[in-house]
Each structure stands twice: as C-alpha cells, then as structure tokens.
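Participant: If it helps, the file is called run07.cif and holds mmCIF, C-alpha atoms and all ligand atoms:
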```
data_start
#
loop_
_atom_site.label_atom_id
_atom_site.label_comp_id
_atom_site.auth_asym_id
_atom_site.auth_seq_id
_atom_site.Cartn_x
_atom_site.Cartn_y
_atom_site.Cartn_z
CA MET A 1 27.02 12.36 -11.09
CA THR A 2 28.72 9.71 -8.98
CA ALA A 3 26.88 7.50 -6.53
CA SER A 4 28.83 8.83 -3.58
CA ARG A 5 28.10 12.46 -4.48
CA THR A 6 24.42 11.75 -4.96
CA THR A 7 23.98 9.82 -1.74
CA ALA A 8 25.47 12.76 0.16
CA ASP A 9 22.84 15.11 -1.28
CA GLY A 10 19.49 15.74 0.37
CA VAL A 11 16.74 13.73 -1.28
CA LEU A 12 16.08 10.06 -2.02
CA ALA A 13 17.17 10.07 -5.66
CA ASP A 14 17.97 7.12 -7.88
CA ARG A 15 20.14 6.78 -10.96
CA TYR A 16 17.08 7.02 -13.28
CA GLY A 17 16.18 10.52 -12.09
CA ARG A 18 13.30 9.54 -9.80
CA VAL A 19 12.96 11.07 -6.33
CA ALA A 20 11.09 9.24 -3.54
CA ARG A 21 8.77 11.47 -1.54
CA ASP A 22 6.16 8.89 -0.51
CA LEU A 23 7.10 6.61 2.39
CA ARG A 24 5.14 3.40 3.11
CA VAL A 25 5.72 2.16 6.64
CA SER A 26 4.68 -1.36 7.62
CA LEU A 27 3.72 -1.41 11.30
CA THR A 28 3.33 -5.17 11.62
CA ASP A 29 3.42 -8.28 9.43
CA LYS A 30 0.50 -9.81 11.37
CA CYS A 31 -3.12 -9.70 10.27
CA ASN A 32 -6.57 -10.62 11.50
CA LEU A 33 -7.70 -11.73 8.01
CA ARG A 34 -6.26 -14.38 5.69
CA CYS A 35 -7.05 -13.10 2.20
CA THR A 36 -6.38 -15.98 -0.18
CA TYR A 37 -4.34 -13.81 -2.58
CA CYS A 38 -2.13 -12.62 0.30
CA MET A 39 -1.41 -15.34 2.85
CA PRO A 40 -2.14 -18.99 3.66
CA ALA A 41 -4.93 -20.08 6.02
CA GLU A 42 -2.50 -20.93 8.80
CA GLY A 43 -0.81 -17.51 8.67
CA LEU A 44 2.94 -17.02 8.38
CA PRO A 45 5.97 -17.23 10.68
CA TRP A 46 5.50 -13.76 12.19
CA LEU A 47 8.41 -11.49 13.14
CA ALA A 48 9.41 -11.92 16.79
CA GLY A 49 8.90 -9.00 19.20
CA PRO A 50 12.55 -7.86 19.44
CA GLN A 51 12.81 -7.84 15.65
CA LEU A 52 10.06 -5.24 15.37
CA LEU A 53 10.89 -1.57 15.53
CA THR A 54 9.50 0.03 18.67
CA ASP A 55 7.08 2.94 18.35
CA ASP A 56 9.92 5.37 19.16
CA GLU A 57 12.20 3.77 16.59
CA ILE A 58 9.50 4.10 13.90
CA VAL A 59 8.97 7.77 14.74
CA ARG A 60 12.72 8.39 14.70
CA LEU A 61 13.13 6.84 11.24
CA VAL A 62 10.07 8.59 9.82
CA GLY A 63 11.52 11.81 11.25
CA VAL A 64 14.79 11.21 9.39
CA ALA A 65 12.82 10.65 6.17
CA VAL A 66 10.72 13.79 6.61
CA ARG A 67 13.30 16.23 7.96
CA ARG A 68 16.41 15.12 6.06
CA LEU A 69 15.23 13.23 2.98
CA GLY A 70 12.36 15.25 1.57
CA VAL A 71 9.55 12.76 2.29
CA THR A 72 6.17 14.53 2.20
CA GLU A 73 3.70 11.62 2.36
CA VAL A 74 3.65 8.90 5.01
CA ARG A 75 1.32 5.91 4.66
CA PHE A 76 1.02 3.32 7.41
CA THR A 77 0.26 -0.23 6.32
CA GLY A 78 1.08 -3.84 7.12
CA GLY A 79 -0.03 -6.60 7.71
CA GLU A 80 -2.90 -4.93 9.45
CA PRO A 81 -1.79 -1.59 10.94
CA LEU A 82 -4.87 -1.20 13.16
CA ILE A 83 -3.73 -4.13 15.32
CA ARG A 84 -0.64 -2.19 16.42
CA PRO A 85 -1.59 -0.78 19.84
CA GLY A 86 0.68 2.27 19.53
CA LEU A 87 -0.82 3.45 16.22
CA PRO A 88 -2.57 6.63 17.50
CA GLY A 89 0.62 7.70 19.30
CA ILE A 90 2.76 7.04 16.23
CA VAL A 91 0.37 9.08 14.06
CA ALA A 92 0.40 11.94 16.58
CA ALA A 93 4.21 11.99 16.71
CA VAL A 94 4.50 11.97 12.91
CA ALA A 95 1.88 14.72 12.64
CA ALA A 96 4.04 16.83 14.98
CA LEU A 97 7.03 16.67 12.61
CA SER A 98 8.06 19.79 10.80
CA PRO A 99 7.41 20.04 7.90
CA ARG A 100 4.25 18.07 8.62
CA PRO A 101 3.80 15.23 6.13
CA ARG A 102 0.40 14.11 4.83
CA ILE A 103 -0.53 10.94 6.73
CA SER A 104 -2.67 8.09 5.47
CA LEU A 105 -3.43 4.48 6.33
CA THR A 106 -4.16 1.32 4.35
CA THR A 107 -6.31 -1.04 6.38
CA ASN A 108 -8.75 -3.92 6.10
CA GLY A 109 -11.13 -1.75 8.14
CA ILE A 110 -11.69 -4.12 11.06
CA GLY A 111 -11.88 -1.95 14.19
CA LEU A 112 -11.81 1.26 12.19
CA ALA A 113 -15.34 2.22 13.25
CA ARG A 114 -14.08 2.41 16.83
CA LEU A 115 -10.62 3.86 16.13
CA ALA A 116 -11.37 6.43 13.42
CA PRO A 117 -12.17 9.41 15.69
CA ALA A 118 -8.97 8.94 17.76
CA LEU A 119 -6.87 8.52 14.63
CA ARG A 120 -8.40 11.63 13.11
CA SER A 121 -7.65 13.61 16.29
CA ALA A 122 -4.10 12.27 16.27
CA GLY A 123 -3.57 13.75 12.79
CA LEU A 124 -4.46 11.00 10.32
CA ASP A 125 -5.60 12.64 7.07
CA ARG A 126 -7.24 9.79 5.16
CA VAL A 127 -7.65 6.05 4.73
CA ASN A 128 -7.79 3.34 2.08
CA VAL A 129 -9.97 0.42 3.14
CA SER A 130 -9.70 -2.91 1.35
CA LEU A 131 -13.01 -4.45 0.29
CA ASP A 132 -13.14 -7.01 -2.50
CA THR A 133 -16.77 -8.06 -2.40
CA LEU A 134 -20.22 -6.89 -1.31
CA ASP A 135 -21.35 -10.41 -0.52
CA ARG A 136 -20.89 -11.61 3.05
CA ASP A 137 -20.38 -15.28 2.14
CA ARG A 138 -17.88 -14.44 -0.56
CA PHE A 139 -16.06 -12.17 1.87
CA ALA A 140 -15.84 -14.99 4.40
CA ALA A 141 -14.48 -17.35 1.73
CA LEU A 142 -12.01 -14.79 0.34
CA THR A 143 -10.64 -13.58 3.68
CA ARG A 144 -11.34 -16.81 5.62
CA ARG A 145 -13.05 -14.72 8.34
CA ASP A 146 -16.71 -13.70 8.73
CA ARG A 147 -16.00 -9.98 9.23
CA HIS A 148 -17.76 -8.31 6.30
CA HIS A 149 -19.97 -6.26 8.58
CA ASP A 150 -16.94 -4.84 10.47
CA VAL A 151 -15.40 -3.61 7.22
CA LEU A 152 -18.61 -1.86 6.13
CA ALA A 153 -18.85 -0.27 9.58
CA GLY A 154 -15.20 0.77 9.32
CA LEU A 155 -15.80 2.52 6.01
CA ALA A 156 -18.77 4.42 7.43
CA GLY A 157 -16.85 5.28 10.62
CA ALA A 158 -13.92 6.65 8.60
CA ALA A 159 -16.23 8.90 6.55
CA ASP A 160 -18.04 10.10 9.70
CA ALA A 161 -14.71 10.95 11.32
CA GLY A 162 -13.68 13.03 8.30
CA LEU A 163 -10.88 10.74 7.05
CA THR A 164 -11.73 11.72 3.51
CA PRO A 165 -11.64 10.99 0.70
CA VAL A 166 -12.26 7.42 1.88
CA LYS A 167 -10.84 5.15 -0.79
CA ILE A 168 -11.66 1.47 -1.34
CA ASN A 169 -9.04 -0.95 -2.66
CA ALA A 170 -10.44 -4.00 -4.46
CA VAL A 171 -8.59 -6.97 -5.93
CA LEU A 172 -10.57 -9.08 -8.41
CA MET A 173 -9.92 -12.81 -8.68
CA ARG A 174 -11.17 -14.88 -11.60
CA GLY A 175 -14.15 -17.05 -10.74
CA VAL A 176 -14.31 -15.55 -7.24
CA ASN A 177 -15.44 -11.91 -7.45
CA ASP A 178 -14.62 -10.80 -11.01
CA ASP A 179 -18.33 -10.33 -11.73
CA GLU A 180 -18.57 -7.58 -9.09
CA ALA A 181 -16.77 -4.62 -10.69
CA PRO A 182 -19.91 -2.61 -11.58
CA GLU A 183 -21.60 -3.45 -8.28
CA LEU A 184 -18.57 -2.33 -6.28
CA LEU A 185 -18.55 0.94 -8.22
CA ARG A 186 -22.29 1.49 -7.63
CA PHE A 187 -21.69 0.93 -3.91
CA ALA A 188 -18.76 3.37 -3.83
CA LEU A 189 -20.69 6.05 -5.73
CA ALA A 190 -23.71 5.68 -3.45
CA HIS A 191 -21.57 6.24 -0.33
CA GLY A 192 -19.15 8.83 -1.69
CA TYR A 193 -16.13 6.49 -1.51
CA GLU A 194 -13.44 6.46 -4.22
CA LEU A 195 -12.93 2.98 -5.67
CA ARG A 196 -9.62 1.64 -6.92
CA PHE A 197 -9.11 -1.77 -8.44
CA ILE A 198 -5.66 -3.31 -7.95
CA GLU A 199 -4.38 -5.92 -10.37
CA GLN A 200 -3.31 -9.01 -8.49
CA MET A 201 0.48 -9.16 -8.20
CA PRO A 202 2.98 -11.98 -7.61
CA LEU A 203 3.48 -11.12 -3.95
CA ASP A 204 1.50 -13.84 -2.15
CA ALA A 205 3.28 -16.07 0.33
CA GLN A 206 1.93 -19.21 -1.37
CA HIS A 207 3.24 -18.25 -4.84
CA GLY A 208 -0.21 -18.90 -6.32
CA TRP A 209 -0.20 -15.94 -8.74
CA ASP A 210 -0.68 -16.84 -12.40
CA ARG A 211 -0.18 -14.24 -15.14
CA SER A 212 -2.44 -16.16 -17.52
CA THR A 213 -5.47 -16.13 -15.20
CA MET A 214 -5.16 -12.77 -13.39
CA VAL A 215 -7.92 -10.23 -14.03
CA THR A 216 -6.41 -7.41 -16.12
CA ALA A 217 -7.10 -3.68 -16.19
CA ASP A 218 -8.60 -4.04 -19.69
CA GLU A 219 -11.11 -6.58 -18.40
CA ILE A 220 -12.02 -4.43 -15.39
CA LEU A 221 -12.55 -1.38 -17.60
CA ALA A 222 -14.65 -3.36 -20.09
CA ALA A 223 -16.86 -4.62 -17.26
CA LEU A 224 -17.32 -1.10 -15.91
CA ARG A 225 -18.03 0.37 -19.36
CA ALA A 226 -20.96 -2.01 -19.74
CA GLU A 227 -22.75 0.12 -17.14
CA PHE A 228 -20.91 3.43 -16.83
CA ALA A 229 -19.44 6.03 -19.17
CA LEU A 230 -15.73 6.38 -18.33
CA ARG A 231 -13.69 9.36 -19.53
CA PRO A 232 -9.93 9.70 -18.82
CA ASP A 233 -9.45 11.96 -15.80
CA PRO A 234 -8.05 15.31 -17.01
CA ALA A 235 -6.23 15.79 -13.66
CA GLU A 236 -2.45 15.35 -13.77
CA ARG A 237 -1.55 11.75 -12.68
CA GLY A 238 1.94 12.56 -11.41
CA ALA A 239 3.43 9.64 -9.48
CA ALA A 240 0.05 8.16 -8.52
CA PRO A 241 -0.11 4.41 -9.04
CA ALA A 242 -3.78 4.60 -10.05
CA GLU A 243 -4.86 5.65 -13.53
CA THR A 244 -8.23 7.32 -13.02
CA TRP A 245 -11.42 7.90 -15.03
CA LEU A 246 -14.36 10.23 -14.50
CA VAL A 247 -17.54 8.21 -14.05
CA ASP A 248 -20.56 9.40 -16.05
CA ASP A 249 -18.82 12.79 -16.58
CA GLY A 250 -17.77 13.16 -12.94
CA PRO A 251 -17.09 14.48 -10.47
CA ALA A 252 -16.87 10.88 -9.17
CA ARG A 253 -13.82 8.91 -10.24
CA VAL A 254 -12.72 5.31 -10.44
CA GLY A 255 -9.11 4.13 -10.57
CA VAL A 256 -7.17 1.09 -11.67
CA ILE A 257 -3.73 0.26 -10.32
CA ALA A 258 -2.44 -1.86 -13.17
CA SER A 259 0.99 -2.73 -11.82
CA VAL A 260 1.24 -5.80 -14.06
CA THR A 261 -0.28 -4.85 -17.42
CA ARG A 262 0.42 -1.07 -17.37
CA PRO A 263 3.46 -0.65 -15.13
CA PHE A 264 4.19 2.84 -13.84
CA CYS A 265 7.71 2.25 -12.48
CA GLY A 266 9.14 5.16 -14.50
CA ASP A 267 7.20 7.63 -12.34
CA CYS A 268 7.51 5.79 -9.00
CA ASP A 269 8.13 8.06 -6.00
CA ARG A 270 7.87 5.43 -3.24
CA THR A 271 10.25 4.15 -0.58
CA ARG A 272 9.37 1.51 1.99
CA LEU A 273 10.25 0.71 5.59
CA THR A 274 9.36 -2.76 6.90
CA ALA A 275 8.18 -3.44 10.45
CA ASP A 276 11.65 -4.80 11.25
CA GLY A 277 13.42 -1.69 10.04
CA GLN A 278 14.54 -2.63 6.52
CA VAL A 279 14.44 -0.09 3.71
CA ARG A 280 13.12 -1.49 0.44
CA ASN A 281 13.42 0.65 -2.66
CA CYS A 282 10.62 -1.28 -4.45
CA LEU A 283 7.80 -3.73 -3.61
CA PHE A 284 9.64 -6.18 -5.87
CA ALA A 285 13.17 -5.49 -4.61
CA THR A 286 15.19 -8.59 -3.84
CA ASP A 287 17.47 -6.86 -1.36
CA GLU A 288 16.99 -4.59 1.65
CA SER A 289 19.04 -2.18 3.77
CA ASP A 290 19.08 -2.75 7.51
CA LEU A 291 18.39 0.55 9.28
CA ARG A 292 17.37 -1.19 12.53
CA ALA A 293 20.87 -2.59 13.08
CA ALA A 294 22.45 0.79 12.38
CA LEU A 295 19.97 2.59 14.62
CA ARG A 296 20.46 0.14 17.49
CA ALA A 297 24.25 0.39 17.08
CA GLY A 298 23.98 4.12 17.78
CA ALA A 299 23.95 5.67 14.29
CA ASP A 300 23.08 9.36 14.28
CA ASP A 301 20.34 10.80 12.04
CA GLU A 302 22.73 11.85 9.28
CA ASP A 303 24.24 8.36 9.16
CA LEU A 304 20.74 6.84 8.90
CA ALA A 305 19.86 9.34 6.16
CA ARG A 306 23.03 8.47 4.24
CA ARG A 307 22.20 4.73 4.39
CA TRP A 308 18.65 5.42 3.20
CA ARG A 309 19.90 7.48 0.25
CA ALA A 310 22.34 4.73 -0.71
CA ALA A 311 19.51 2.16 -0.60
CA MET A 312 17.37 4.24 -2.95
CA TRP A 313 20.21 4.96 -5.36
CA GLY A 314 20.23 1.24 -6.20
CA LYS A 315 16.52 1.14 -7.20
CA ARG A 316 16.00 -0.75 -10.44
CA ALA A 317 14.32 0.87 -13.45
CA GLY A 318 11.33 -1.47 -13.28
CA HIS A 319 9.87 -4.50 -11.53
CA GLY A 320 10.45 -6.82 -14.49
CA ILE A 321 7.41 -9.05 -13.83
CA ASP A 322 7.24 -9.89 -17.53
CA ASP A 323 10.97 -10.64 -17.74
CA PRO A 324 11.80 -14.37 -17.95
CA THR A 325 14.40 -13.85 -15.19
CA PHE A 326 11.81 -12.30 -12.79
CA LEU A 327 12.08 -13.60 -9.23
CA GLN A 328 9.28 -13.04 -6.73
CA PRO A 329 10.68 -11.33 -3.61
CA VAL A 330 11.24 -13.61 -0.61
CA ARG A 331 8.99 -11.49 1.60
CA PRO A 332 5.28 -11.56 0.80
CA MET A 333 3.22 -8.37 0.47
CA SER A 334 1.94 -8.64 4.05
CA ALA A 335 5.52 -8.49 5.39
CA ILE A 336 6.68 -5.73 3.04
CA GLY A 337 3.73 -3.40 3.50
CA GLY A 338 1.36 -3.01 0.56
C1 LIG A 401 -1.07 -6.06 2.02
S1 LIG A 401 -2.51 -5.11 2.43
C2 LIG A 401 -1.98 -4.36 3.94
C3 LIG A 401 -2.97 -3.42 4.57
C4 LIG A 401 -4.29 -4.01 5.05
N1 LIG A 401 -4.15 -5.26 5.73
C5 LIG A 401 -5.25 -4.11 3.89
O1 LIG A 401 -5.62 -5.22 3.51
O2 LIG A 401 -5.62 -3.05 3.37
C6 LIG A 401 -2.49 -3.71 1.35
C7 LIG A 401 -3.23 -3.88 0.03
O3 LIG A 401 -2.57 -4.85 -0.75
C8 LIG A 401 -3.53 -5.62 -1.43
N2 LIG A 401 -2.91 -6.88 -1.78
C9 LIG A 401 -2.51 -7.89 -0.98
N3 LIG A 401 -1.95 -8.88 -1.69
C10 LIG A 401 -1.99 -8.50 -2.98
C11 LIG A 401 -1.57 -9.08 -4.22
N4 LIG A 401 -0.99 -10.27 -4.26
N5 LIG A 401 -1.76 -8.38 -5.34
C12 LIG A 401 -2.36 -7.15 -5.32
N6 LIG A 401 -2.77 -6.55 -4.19
C13 LIG A 401 -2.60 -7.21 -3.04
C14 LIG A 401 -4.66 -5.73 -0.46
O4 LIG A 401 -5.89 -6.03 -1.08
C15 LIG A 401 -4.68 -4.36 0.17
O5 LIG A 401 -5.52 -3.49 -0.55
S1 LIG A 402 -4.53 -8.21 2.18
FE1 LIG A 402 -4.40 -7.07 4.12
S2 LIG A 402 -6.20 -7.87 5.20
FE2 LIG A 402 -5.84 -9.35 3.64
S3 LIG A 402 -4.51 -10.91 4.61
FE3 LIG A 402 -3.19 -9.44 3.52
S4 LIG A 402 -2.56 -7.99 5.08
FE4 LIG A 402 -4.42 -9.08 5.84
#
```
Show me, as structure tokens, the structure contained in the file I just sent.
Facilitator:
Amino acid sequence: MTASRTTADGVLADRYGRVARDLRVSLTDKCNLRCTYCMPAEGLPWLAGPQLLTDDEIVRLVGVAVRRLGVTEVRFTGGEPLIRPGLPGIVAAVAALSPRPRISLTTNGIGLARLAPALRSAGLDRVNVSLDTLDRDRFAALTRRDRHHDVLAGLAGAADAGLTPVKINAVLMRGVNDDEAPELLRFALAHGYELRFIEQMPLDAQHGWDRSTMVTADEILAALRAEFALRPDPAERGAAPAETWLVDDGPARVGVIASVTRPFCGDCDRTRLTADGQVRNCLFATDESDLRAALRAGADDEDLARRWRAAMWGKRAGHGIDDPTFLQPVRPMSAIGG
C-alpha cells in the first residue's frame, strides 16, 4: 500500500499496521503544581494566548478525529486540564458528537471536588488522578505545593460524582517515595480506586531522568508481592498501556505502565493533539504536524483529516529509549499532554 493511498483512507493507520483510536488532547501547558519529575520550580515559558487553540478550535479538531478518523476515546490532559475555564463546555460539545466517544480526564485533582458534578453532567465518563504519596510533607516536597488535601478531596469528589472507575496514577522516585507502593495500594483498595504505577520517563523539562536510578516495574511488583498476592489479569490487555494484575484473587486490580522496561509500542493506539494545535504521533516523537495553521488558514474538515492521517502514517515503530541514538523530545511531558 502506498503512503498516499493510505492517507486518503478513513482511519489513522501507520505503516506498521497500527490504528490510532485513542486521542489525548492537551488543554494547556500550564499547571498549578511543580512535580519535580515533570517541571522546574520556576515553571516553564508557557504558550502565549494566541498560540493556544480556542475552545471552538479544540472541539472542531476533536470532531474531525471522531467523525472522519475513527477515534473512539478522547482523554483531556495537560499541563493541568482543570485550570482551563472552558473545560465543561468542551466536554459537553465532545459528548454531543456522533458517534459519541468515551471521554476521560487526567488531572492532578486540585479543584476536582468542586468541578466533578458539572463535568459529570457535561458528559465526562471517568478520571485518572495523579497521587504519588500519602504523606502530606512528601507531597509538598514532590510537587512543591502544599495541596495534598485538595487531591484527596478531588478523588473522593470524583467517586461521589460517579466518574468511575476512579484511577490513580503514581510515579515512584528512588529515595523519595519508592517505599510507598504497598501503602498506596492499600489506600486504593480501601477506597475502591484503581491504582496504576507509571515508570518515570525521560520527558522532564530539566532532563533529570536517569535510566540507572529509575524505579522499574520489576521493583514495584516485588514490593507489592511482599504484601499482596498478584495474579496476571485474565482480561484481554488490547492497546492498554497498563499491564494489570488481580490483587489477592480480585476483583480489585493493580496496573503498571512500564513504558521504559516493558515497552508496548507495538500495540499503541494513541494520537496526540497539543494545546497549540500540533499533532504528535507519539509521546517521544521529535516532529509535529501543525493543524492550527491549516485550520486558521481556512482548511476544511477533509483537509484537516488528510493532514492528520499523514502525520500518523509517519509514526515510528517504537520510542527507542534504550537506543544509543535516542533523543529526548524538545517539548516536556507537560507541554505534550501526558
Ligand atoms: C503530565 S501529567 C498531566 C495531567 C495532570 N497535570 C496530572 O498530573 O495528572 C499526566 C501524567 O504524567 C505523569 N508524568 C509526568 N511526568 C512524567 C515522567 N517524566 N515520567 C512518567 N510520568 C510522568 C504524571 O504523574 C501524570 O500522572
Ligand atoms: S505531573 Fe501534572 S501536576 Fe505535576 S507538574 Fe506535571 S502537569 Fe503538573
């Protein structure tokens, strides 16, 4: 099949046979926390207002993805998506698309206690809340803000509003919170949240990631097995980034997203749109396709769809973190959308 024939077809296919159905949309590169593994204390040079897609532009591009490109899952992220004032309206407009995609949100949870009911009414299906520690002082040191209580309240508010299953994302850092794996799991089980550990990736703005000191999936699993019986989840994994285990024979589960030590690129079904309207075919891509310029120059939906297909066709087979030629992308995770 030639590239030109493929990019004229419907879905977001690449030359390795993968099809992207899961769209991650970054709503802002700004954040109200400063997690040490993500951004420096002073923050980053944020995108300027006119560079950001407007709410209408986001809805238009998500509409192209859903109606013309076969996207069935839309996840809003950032930066911190809850600080975007138009979020409930964007969710409502995306929920009104036909076919209706499943809609989720990745958030640090600050403000979620207040916003969860409105987001649920707007059509949000579920949330992932990031929480790396159960200790308030550690949280303040790790995120450089004393907001632990707001995150716990956000988790509870999400569950009360029915944004379930509520998932927790946790990143373990050596010498900081790597002793907390079993405690985080006990907390999740006690509240009915689903816990996922994410291996730290080379996506921080400060380039502080170190392969030799990162906490690996094997270490996380060994720590959990000291207290819990883990059995591989019999459910089909599909394109899910998390490998999951049944805890003490289930039905509760725990997951590990081992992007570094157990890469899952061969099954990846994700495509990404940054807050300034760039399509990225991978978190680790080193190039982007500018849909904002095309959109603002008057491109019609089919032209936008064609550009998106072409961007995905060039997706690489894998992220190549272990390759000696690996280059960390210029944009950090907070600006790509995690
Ligand atoms: C970039 S954040 C954006 C959404 C929101 N601000 C949050 O923290 O959930 C998305 C997820 O990426 C994770 N993350 C950030 N930097 C990371 C890194 N270098 N390696 C692995 N995960 C990272 C965060 O812990 C969070 O769960
Ligand atoms: S991980 Fe999320 S909450 Fe933490 S600084 Fe990055 S964008 Fe903000």
Participant: What do you get as a ChimeraX atom specification if you pick all residues at most 6 Å from ligand LIG 401 (chain A), counting only C-alpha atoms and all ligand atoms?
Facilitator: /A:37-38,77-80,106-108,129-130,169,171,198-204,333-334,337-338
Participant: Could the residues in this selection be written to a file with C-alpha atoms, as an mmCIF file, in the coordinates of the input?
Facilitator:
```
data_model
loop_
_atom_site.group_PDB
_atom_site.id
_atom_site.type_symbol
_atom_site.label_atom_id
_atom_site.label_comp_id
_atom_site.auth_asym_id
_atom_site.auth_seq_id
_atom_site.Cartn_x
_atom_site.Cartn_y
_atom_site.Cartn_z
ATOM 1 C CA TYR A 37 -4.340 -13.810 -2.580
ATOM 2 C CA CYS A 38 -2.130 -12.620 0.300
ATOM 3 C CA THR A 77 0.260 -0.230 6.320
ATOM 4 C CA GLY A 78 1.080 -3.840 7.120
ATOM 5 C CA GLY A 79 -0.030 -6.600 7.710
ATOM 6 C CA GLU A 80 -2.900 -4.930 9.450
ATOM 7 C CA THR A 106 -4.160 1.320 4.350
ATOM 8 C CA THR A 107 -6.310 -1.040 6.380
ATOM 9 C CA ASN A 108 -8.750 -3.920 6.100
ATOM 10 C CA VAL A 129 -9.970 0.420 3.140
ATOM 11 C CA SER A 130 -9.700 -2.910 1.350
ATOM 12 C CA ASN A 169 -9.040 -0.950 -2.660
ATOM 13 C CA VAL A 171 -8.590 -6.970 -5.930
ATOM 14 C CA ILE A 198 -5.660 -3.310 -7.950
ATOM 15 C CA GLU A 199 -4.380 -5.920 -10.370
ATOM 16 C CA GLN A 200 -3.310 -9.010 -8.490
ATOM 17 C CA MET A 201 0.480 -9.160 -8.200
ATOM 18 C CA PRO A 202 2.980 -11.980 -7.610
ATOM 19 C CA LEU A 203 3.480 -11.120 -3.950
ATOM 20 C CA ASP A 204 1.500 -13.840 -2.150
ATOM 21 C CA MET A 333 3.220 -8.370 0.470
ATOM 22 C CA SER A 334 1.940 -8.640 4.050
ATOM 23 C CA GLY A 337 3.730 -3.400 3.500
ATOM 24 C CA GLY A 338 1.360 -3.010 0.560
#
```
Participant: Using all atoms listed in the file, find the one residue out of A:Leu61, A:Val19, A:Ala235, A:Met39 that sits nearest to Arg144 (chain A).
Facilitator: A:Met39
Participant: Within 10 Å of Val94 (chain A), counting all atoms listed in the file, which residues show up once you throw out same-chain ones fewer than 5 positions away? Write them as a list in words, please.
Facilitator: Ile58, Val59, Arg60, Val62, Gly63, Val66, Val74, Pro88, Gly89, Pro99, Arg100, Pro101, Arg102, Ile103, Ala122, Gly123 and Leu124 of chain A
Participant: Show me, as a list in words, the residues that have an atom within 10 Å of Gly192 (chain A) when counting all atoms listed in the file, minus same-chain residues fewer than 4 positions from it.
Facilitator: Ala159, Thr164, Pro165, Val166, Lys167, Arg186, Phe187, Ala188 and Ala252 of chain A
Participant: Tell me, as a list in words, which residues lie within 8 Å of region 261-272 of chain A, counting all atoms listed in the file; anything in the same chain fewer than 5 positions away does not count.
Facilitator: Arg18, Val19, Ala20, Arg21, Asp22, Leu23, Arg24, Val25, Ser26, Thr216, Ala217, Gly238, Ala239, Ala240, Pro241, Val279, Arg280, Asn281, Cys282, Leu283, Met312, Ala317, Gly318, His319, Ile336 and Gly337 of chain A
Participant: Quick one, how far is CA of Ala190 (chain A) from CA of Arg174 (chain A)?
Facilitator: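 Straight-line distance from CA of Ala190 (chain A) to CA of Arg174 (chain A) works out to 25.4 Å.
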Participant: Which of these residues is nearest to ligand LIG 402 (chain A), using all atoms listed in the file: A:Val127, A:Glu194, A:Pro45, A:Ala205?
Facilitator: A:Ala205
Participant: Let me make sure I understand: among A:Arg75, A:Arg147, A:His191, A:Arg292, which one has the smallest atom-to-atom distance to ligand LIG 402 (chain A) if we use only C-alpha atoms and all ligand atoms?
Facilitator: A:Arg147
Participant: Between A:Asp290, A:Glu57, A:Asp29, A:Glu42, which one has atoms that come closest to ligand LIG 402 (chain A), using all atoms listed in the file?
Facilitator: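 Looking only at the distances to ligand LIG 402 (chain A), the closest residue turns out to be A:Asp29.
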Participant: From the options A:Ala229, A:Ala118, A:Ala140, A:Ala297, which residue's atoms come nearest to ligand LIG 402 (chain A), counting only C-alpha atoms and all ligand atoms?
Facilitator: A:Ala140
Participant: Considering only C-alpha atoms, can you say which of A:Val215, A:Pro332, A:Gly298, A:Ile110 comes closest to Ala153 (chain A)?
Facilitator: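 Comparing A:Val215, A:Pro332, A:Gly298, A:Ile110 against Ala153 (chain A), the winner is A:Ile110.
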Participant: How many Å separate CA of Arg231 (chain A) from CA of Leu184 (chain A)?
Facilitator: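 For CA of Arg231 (chain A) relative to CA of Leu184 (chain A), the distance reads 18.3 Å.
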Participant: What is the CA of Ala48 (chain A)-CA of Ala310 (chain A) distance in Å, reported with one decimal?
Facilitator: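 Value for the CA of Ala48 (chain A)-CA of Ala310 (chain A) distance: 27.4 Å.
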Participant: Can you pull out every residue within 12 Å of Trp308 (chain A), counting all atoms listed in the file, but drop anything in the same chain fewer than 5 positions away, and send it as a ChimeraX atom specification?
Facilitator: /A:6-14,20,23,61-62,64-65,68-71,271-273,277-281,288-292,294-295,301-303,313-315
Participant: Near Val176 (chain A), counting only C-alpha atoms, which residues have an atom at most 12 Å away, once you skip same-chain residues fewer than 5 positions from it, shown as a list in words?
Facilitator: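 Near neighbours after the sequence-gap exclusion: Thr36, Tyr37, Asp132, Thr133, Asp135, Asp137, Arg138, Phe139, Ala140, Ala141, Leu142, Thr143, Val171, Ala181, Thr213, Met214 and Val215 of chain A.
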Participant: Output, as AutoDock Vina command-line options, the centre and edge lengths in Å (one decimal) of the axis-aligned box that contains all listed atoms of ligand LIG 402 (chain A) with 8 Å of margin on each side.
Facilitator:
```
--center_x -4.4 --center_y -9.0 --center_z 4.0 --size_x 19.6 --size_y 19.8 --size_z 19.7
```
